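Asks: My questions all concern the structure below.
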Amino acid sequence: MEDQKNQNQPIPFKKASAWKKVLGKKWAFPAIYIGTAAIILAFVMWYQGSVMDTVSNMTNVADDVAVTTPAAPETPEQNEEAVPVTSGAQPLAWPVGKNVQYELGMGYYDEQASKDEQQKALVKYGNSFYPHTGIDLKATDGKSFDVVAALAGKVTKVENDPLVGKTVEVEHADKMVTVYQSLENITVKPGDEVTQGQVIGSAGRSEYEKDFGVHLHFEVHVDGKPVNPQQYLLQAETKNQ
């Protein structure tokens, strides 16, 4: 009877014993580690391949867009023959009074010009040289002359700068500002509306360009940056009036 009772009792955890035997082998854990690493590596490679395909597709789309994007229009600096003044706007008159014989002194420093032209457009002040941001106009007799507004607009600044002399700034349409420096006998004040050709002062001297004698330093700013005034001035007008 006792033998029969023992035969009827279940044999516990045979499967667990089998796993214990397998795990007891020296190669068991390395094999499991290698197998797990292989699965992870395969997943990483699949994921990277998927990402690379996505990036490649995005690059192809960007290339297509770049090819079909129209070229930007030329700026006045790129095409000197282009008319820089906004269509319908009145071009600038030379800011010199009537019946004045005058000449162009130092010109505007143009980054696109030759090195020789750039050297001619450098102002020496102290022991340094600075790019000339406008043009200088002088009477042929070396005397003072009337300075007039190059274009109708509103006077926004009148000041006496110790470096560049007495200055007048006039604001115009299309974010344009004309600047008149080295002045004497200024006849306008901030807030005045001036017409093209109206006298705003007379030519004088400045500490910054003291070697130039009596002259007018004239600048044109567009969007807050100086540009070459000669691209905006009346090209057909002569320097002798």
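Please note that chains go A, B, ... in the order of the structure tokens, that every chain numbers its residues from 1, and that ligands are numbered from 1 in the order shown.
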Quick one: everything within 10 Å of A:Val194, counting only C-alpha atoms, minus sequence neighbours fewer than 2 positions away in the same chain. Send it as a PyMOL selection string.
Replies: chain A and resi 148-155+170-171+188+191-192+196-200
Asks: Suppose you want the space between atom CA of A:Gly134 and atom CA of A:Lys189; what is it in Å?
Replies: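 Atom CA of A:Gly134 sits 22.5 Å away from atom CA of A:Lys189.
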Asks: Write out as a VMD selection string each polymer residue whose atoms come within 10 Å of A:Asp223, counting only C-alpha atoms; drop sequence neighbours fewer than 6 positions from it.
Replies: chain A and resid 174 to 177
Asks: Please report, as an mmCIF file with N, CA and C atoms, in the first residue's frame, each residue of stretch 146-232 of chain A to which DSSP assigns strand (DSSP E or B) when run on this structure's backbone.
Replies:
data_model
loop_
_atom_site.group_PDB
_atom_site.id
_atom_site.type_symbol
_atom_site.label_atom_id
_atom_site.label_comp_id
_atom_site.auth_asym_id
_atom_site.auth_seq_id
_atom_site.Cartn_x
_atom_site.Cartn_y
_atom_site.Cartn_z
ATOM 1 N N ASP A 146 25.149 127.691 -51.265
ATOM 2 C CA ASP A 146 23.863 127.252 -50.729
ATOM 3 C C ASP A 146 23.712 125.739 -50.885
ATOM 4 N N VAL A 147 23.244 125.121 -49.810
ATOM 5 C CA VAL A 147 22.918 123.693 -49.838
ATOM 6 C C VAL A 147 21.405 123.575 -49.861
ATOM 7 N N VAL A 148 20.882 122.776 -50.793
ATOM 8 C CA VAL A 148 19.430 122.664 -50.956
ATOM 9 C C VAL A 148 18.986 121.229 -50.712
ATOM 10 N N GLY A 153 10.538 116.589 -48.374
ATOM 11 C CA GLY A 153 10.393 115.700 -47.228
ATOM 12 C C GLY A 153 10.247 116.481 -45.941
ATOM 13 N N LYS A 154 10.403 115.775 -44.817
ATOM 14 C CA LYS A 154 10.251 116.374 -43.496
ATOM 15 C C LYS A 154 11.582 116.365 -42.757
ATOM 16 N N VAL A 155 11.956 117.497 -42.213
ATOM 17 C CA VAL A 155 13.196 117.586 -41.439
ATOM 18 C C VAL A 155 13.006 116.843 -40.119
ATOM 19 N N THR A 156 13.862 115.869 -39.877
ATOM 20 C CA THR A 156 13.755 115.060 -38.655
ATOM 21 C C THR A 156 14.881 115.325 -37.656
ATOM 22 N N LYS A 157 15.977 115.945 -38.116
ATOM 23 C CA LYS A 157 17.090 116.191 -37.198
ATOM 24 C C LYS A 157 17.877 117.418 -37.642
ATOM 25 N N VAL A 158 18.197 118.266 -36.663
ATOM 26 C CA VAL A 158 19.112 119.384 -36.861
ATOM 27 C C VAL A 158 20.005 119.428 -35.627
ATOM 28 N N GLU A 159 21.296 119.237 -35.828
ATOM 29 C CA GLU A 159 22.199 119.197 -34.679
ATOM 30 C C GLU A 159 23.582 119.684 -35.063
ATOM 31 N N ASN A 160 24.358 120.015 -34.049
ATOM 32 C CA ASN A 160 25.741 120.431 -34.248
ATOM 33 C C ASN A 160 26.641 119.338 -33.678
ATOM 34 N N ASP A 161 27.145 118.503 -34.544
ATOM 35 C CA ASP A 161 27.995 117.396 -34.119
ATOM 36 C C ASP A 161 29.449 117.874 -34.076
ATOM 37 N N GLY A 165 30.326 118.204 -37.893
ATOM 38 C CA GLY A 165 29.795 119.543 -38.092
ATOM 39 C C GLY A 165 28.282 119.602 -37.989
ATOM 40 N N LYS A 166 27.725 120.738 -38.348
ATOM 41 C CA LYS A 166 26.279 120.913 -38.304
ATOM 42 C C LYS A 166 25.608 119.997 -39.325
ATOM 43 N N THR A 167 24.539 119.339 -38.873
ATOM 44 C CA THR A 167 23.912 118.284 -39.674
ATOM 45 C C THR A 167 22.409 118.494 -39.778
ATOM 46 N N VAL A 168 21.870 118.203 -40.956
ATOM 47 C CA VAL A 168 20.425 118.208 -41.181
ATOM 48 C C VAL A 168 20.045 116.868 -41.812
ATOM 49 N N GLU A 169 18.987 116.258 -41.308
ATOM 50 C CA GLU A 169 18.457 115.023 -41.896
ATOM 51 C C GLU A 169 17.014 115.258 -42.321
ATOM 52 N N VAL A 170 16.696 114.797 -43.530
ATOM 53 C CA VAL A 170 15.350 114.951 -44.085
ATOM 54 C C VAL A 170 14.810 113.576 -44.437
ATOM 55 N N GLU A 171 13.608 113.295 -43.975
ATOM 56 C CA GLU A 171 12.984 111.990 -44.216
ATOM 57 C C GLU A 171 12.046 112.084 -45.410
ATOM 58 N N MET A 176 13.512 106.379 -47.151
ATOM 59 C CA MET A 176 14.742 107.075 -47.562
ATOM 60 C C MET A 176 14.970 108.299 -46.693
ATOM 61 N N VAL A 177 16.244 108.552 -46.346
ATOM 62 C CA VAL A 177 16.646 109.732 -45.586
ATOM 63 C C VAL A 177 17.858 110.348 -46.268
ATOM 64 N N THR A 178 17.831 111.664 -46.470
ATOM 65 C CA THR A 178 19.016 112.359 -46.985
ATOM 66 C C THR A 178 19.689 113.091 -45.829
ATOM 67 N N VAL A 179 21.023 113.062 -45.825
ATOM 68 C CA VAL A 179 21.816 113.616 -44.726
ATOM 69 C C VAL A 179 22.774 114.664 -45.287
ATOM 70 N N TYR A 180 22.801 115.836 -44.643
ATOM 71 C CA TYR A 180 23.636 116.946 -45.075
ATOM 72 C C TYR A 180 24.538 117.322 -43.900
ATOM 73 N N GLN A 181 25.852 117.209 -44.078
ATOM 74 C CA GLN A 181 26.804 117.482 -43.004
ATOM 75 C C GLN A 181 27.802 118.564 -43.432
ATOM 76 N N SER A 182 28.570 119.049 -42.460
ATOM 77 C CA SER A 182 29.541 120.140 -42.667
ATOM 78 C C SER A 182 28.831 121.428 -43.058
ATOM 79 N N LEU A 183 27.701 121.705 -42.425
ATOM 80 C CA LEU A 183 26.898 122.869 -42.792
ATOM 81 C C LEU A 183 27.210 124.088 -41.924
ATOM 82 N N GLU A 184 26.779 125.240 -42.438
ATOM 83 C CA GLU A 184 26.757 126.502 -41.699
ATOM 84 C C GLU A 184 25.423 127.175 -42.012
ATOM 85 N N GLU A 193 8.561 121.044 -43.187
ATOM 86 C CA GLU A 193 8.378 120.374 -44.468
ATOM 87 C C GLU A 193 9.131 121.174 -45.517
ATOM 88 N N VAL A 194 10.034 120.527 -46.237
ATOM 89 C CA VAL A 194 10.831 121.221 -47.241
ATOM 90 C C VAL A 194 10.480 120.704 -48.626
ATOM 91 N N VAL A 199 16.543 125.924 -49.965
ATOM 92 C CA VAL A 199 17.795 126.131 -49.249
ATOM 93 C C VAL A 199 17.615 125.719 -47.785
ATOM 94 N N ILE A 200 18.534 124.867 -47.293
ATOM 95 C CA ILE A 200 18.468 124.417 -45.900
ATOM 96 C C ILE A 200 19.691 124.874 -45.100
ATOM 97 N N GLY A 201 20.688 125.432 -45.774
ATOM 98 C CA GLY A 201 21.896 125.897 -45.100
ATOM 99 C C GLY A 201 22.969 126.221 -46.122
ATOM 100 N N SER A 202 24.186 126.308 -45.653
ATOM 101 C CA SER A 202 25.314 126.574 -46.547
ATOM 102 C C SER A 202 26.477 125.657 -46.202
ATOM 103 N N ALA A 203 27.360 125.457 -47.166
ATOM 104 C CA ALA A 203 28.504 124.562 -46.979
ATOM 105 C C ALA A 203 29.485 125.152 -45.977
ATOM 106 N N GLY A 204 30.087 124.268 -45.154
ATOM 107 C CA GLY A 204 31.039 124.718 -44.150
ATOM 108 C C GLY A 204 32.177 123.728 -43.980
ATOM 109 N N HIS A 215 33.023 122.410 -47.731
ATOM 110 C CA HIS A 215 32.384 121.424 -48.602
ATOM 111 C C HIS A 215 31.060 120.977 -47.999
ATOM 112 N N LEU A 216 30.303 120.241 -48.775
ATOM 113 C CA LEU A 216 29.094 119.573 -48.297
ATOM 114 C C LEU A 216 29.336 118.079 -48.320
ATOM 115 N N HIS A 217 29.100 117.428 -47.193
ATOM 116 C CA HIS A 217 29.116 115.972 -47.155
ATOM 117 C C HIS A 217 27.661 115.521 -47.236
ATOM 118 N N PHE A 218 27.330 114.753 -48.284
ATOM 119 C CA PHE A 218 25.946 114.362 -48.560
ATOM 120 C C PHE A 218 25.816 112.848 -48.541
ATOM 121 N N GLU A 219 24.813 112.355 -47.800
ATOM 122 C CA GLU A 219 24.562 110.913 -47.721
ATOM 123 C C GLU A 219 23.100 110.607 -48.045
ATOM 124 N N VAL A 220 22.878 109.375 -48.507
ATOM 125 C CA VAL A 220 21.528 108.845 -48.716
ATOM 126 C C VAL A 220 21.428 107.535 -47.959
ATOM 127 N N HIS A 221 20.419 107.429 -47.098
ATOM 128 C CA HIS A 221 20.182 106.204 -46.343
ATOM 129 C C HIS A 221 18.861 105.581 -46.791
ATOM 130 N N VAL A 222 18.875 104.281 -46.987
ATOM 131 C CA VAL A 222 17.663 103.526 -47.311
ATOM 132 C C VAL A 222 17.551 102.379 -46.326
ATOM 133 N N LYS A 225 20.415 102.291 -43.790
ATOM 134 C CA LYS A 225 21.789 102.004 -44.186
ATOM 135 C C LYS A 225 22.234 102.960 -45.291
ATOM 136 N N PRO A 226 23.495 103.430 -45.244
ATOM 137 C CA PRO A 226 23.981 104.327 -46.296
ATOM 138 C C PRO A 226 24.143 103.582 -47.625
ATOM 139 N N VAL A 227 23.763 104.254 -48.712
ATOM 140 C CA VAL A 227 23.913 103.715 -50.064
ATOM 141 C C VAL A 227 24.628 104.770 -50.902
#
Asks: Hey, can you check how far atom CA of A:Leu104 sits from atom CA of A:Asp211?
Replies: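 These two atoms are separated by 15.2 Å.
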Asks: Which residue out of A:Lys124, A:Lys115, A:His132, A:Lys143 has the minimum interatomic distance to A:Gln101 when only C-alpha atoms are used?
Replies: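 Among the listed residues, the smallest separation from A:Gln101 belongs to A:Lys143.
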